[in-house]
Protein chains: 2
Amino acid sequence: MSPQRRDPAVRVLLIEAAAKVLAEEGVAALTTRRLARETERSTMAVYTHLGGMEEVQRAVREEGFLRLAADIERAGQTSDPVADLIAASTAYVRFGLANPHLYRAMVVDRPVEQDDAGVGAFEEIVTGLRRCIDDGRIPEVEHTMVVIWAAQVWSMRHGIVSMVLSGAVAEEHAHHVLLDMILRLLIGYGDDGTAARRSVRDATDRAEAV
Amino acid sequence: MSPQRRDPAVRVLLIEAAAKVLAEEGVAALTTRRLARETERSTMAVYTHLGGMEEVQRAVREEGFLRLAADIERAGQTSDPVADLIAASTAYVRFGLANPHLYRAMVVDRPVEQDDAGVGAFEEIVTGLRRCIDDGRIPEVEHTMVVIWAAQVWSMRHGIVSMVLSGAVAEEHAHHVLLDMILRLLIGYGDDGTAARRSVRDATDRAEAV
DNA sequence: TTGAATACATATCGCTGTTATGTGATCATC
DNA sequence: GATGATCACATAACAGCGATATGTATTCAA
């Protein structure tokens, strides 16, 4: 009846089902028995193809980071690195607010040991800041300072998503908080105020066009 | 043998045991059976005195916010509201880094429905900013803007704690990231640069004295 | 002294992730 | 082509979870 050589498609099937359940009902609904029912297989499929629930969640997180990276990629790499950094931030916050359960699983519920998938999201900010420096928009500073600035940008992105998801701040304020903050950061890092404001405008125009 | 009128001390006993287990081993170790073993009672004690695990966690979170508020209170209310806001931020980050499991339970693992305990932490920032306005350090702005600024301050505090706890940023950078960021924020809000820098210095001196 | 109230221990239920066991299909080798 | 090892899979089971039902023992009011 069923194939007796491991079918890679089943792994994909399980992960997709897991992503769907997680997105729609949250992490509490993501159980082996639920996955078995959803894919019309036994709970053993999870262990044969993934090795356990931990790996299922890891795979879903990884998938989520790929989607986030794609969203940020789609936000664009223009000739204005500052506008790109702003657009990427907007895309990040949008992603978090549009996929609350997935975002929580990716960023919040992540186990303490460093998750390879999440590193790229931080590196993206460092790279974005480096582009701003290379373009002369922000003065050259030592690497440690770039990391510190990246941490500040990430804190802002994540903080806004957290506050809206927790209900402390209304969603309609989210973009204002973000843009206001990013503007302050960039001017503080040395970007010219007028140029920064134009980049914000360009980035928001682009975001609305998506 | 045992008293048959409900003893309020048992409630306290359970919550203290819960706080201890949570702080030392994390939320996964906080189970009814563990609490029963820890307090040398049956699992029913949790239901008789607290009503269930949800209430246990709520009580521990509440206890945590009281401790956090006390830490911030201890950071001081001086004649310099800007320095106070900075000192409060430092105390917040210190608390989060010193009590990682408790901090997670309080801020991260909190159920989606608004938790009364957490509101005070946000209000503290709003009040702090109001004091800065009343003192003339920051220009008068409409309430919505104050809320937005408070969200930015909170994002920064929480973001730094998150990054250090996740390992993305080294703990020795935490204070630099925080102070650098707070300084930018305050100057952006309209505080005088020289005054802001002095307030940062005063606040850090105070923090080191604790 | 009696009877209602109630704190508590014990046992159980339905759920979880995980593992052990049995079975049947596949594939390499002779 | 037959044979035997391999392996995916279903079934069943296990330990642990939160929560609950039940029986008991004690306390307090009448």
# chains A, B, ... in the order shown; residues from 1 in each chain; ligands from 1
call {"tool": "residues_around", "arguments": {"residues": "DA20 (chain C)", "least_positions_apart": "6", "cutoff": "10 Å", "atoms": "only C-alpha atoms (C1' of nucleotides)", "output": "list in words"}}
result
DA12, DA13 and DC14 of chain D
call {"tool": "interface_residues", "arguments": {"of": "chain D", "to": "chain B", "cutoff": "9 Å", "atoms": "only C-alpha atoms (C1' of nucleotides)", "output": "ChimeraX atom specification"}}
result
/D:17-19,25-27
call {"tool": "atom_distance", "arguments": {"atom1": "CA of Val108 (chain A)", "atom2": "CA of Gly64 (chain A)"}}
result
13.0 Å
call {"tool": "atom_distance", "arguments": {"atom1": "CA of Arg104 (chain B)", "atom2": "CA of Leu97 (chain A)"}}
result
20.5 Å
call {"tool": "interface_residues", "arguments": {"of": "chain C", "to": "chain A", "cutoff": "8 Å", "atoms": "only C-alpha atoms (C1' of nucleotides)", "output": "list in words"}}
result
DT16, DG17, DA25 and DT26 of chain C
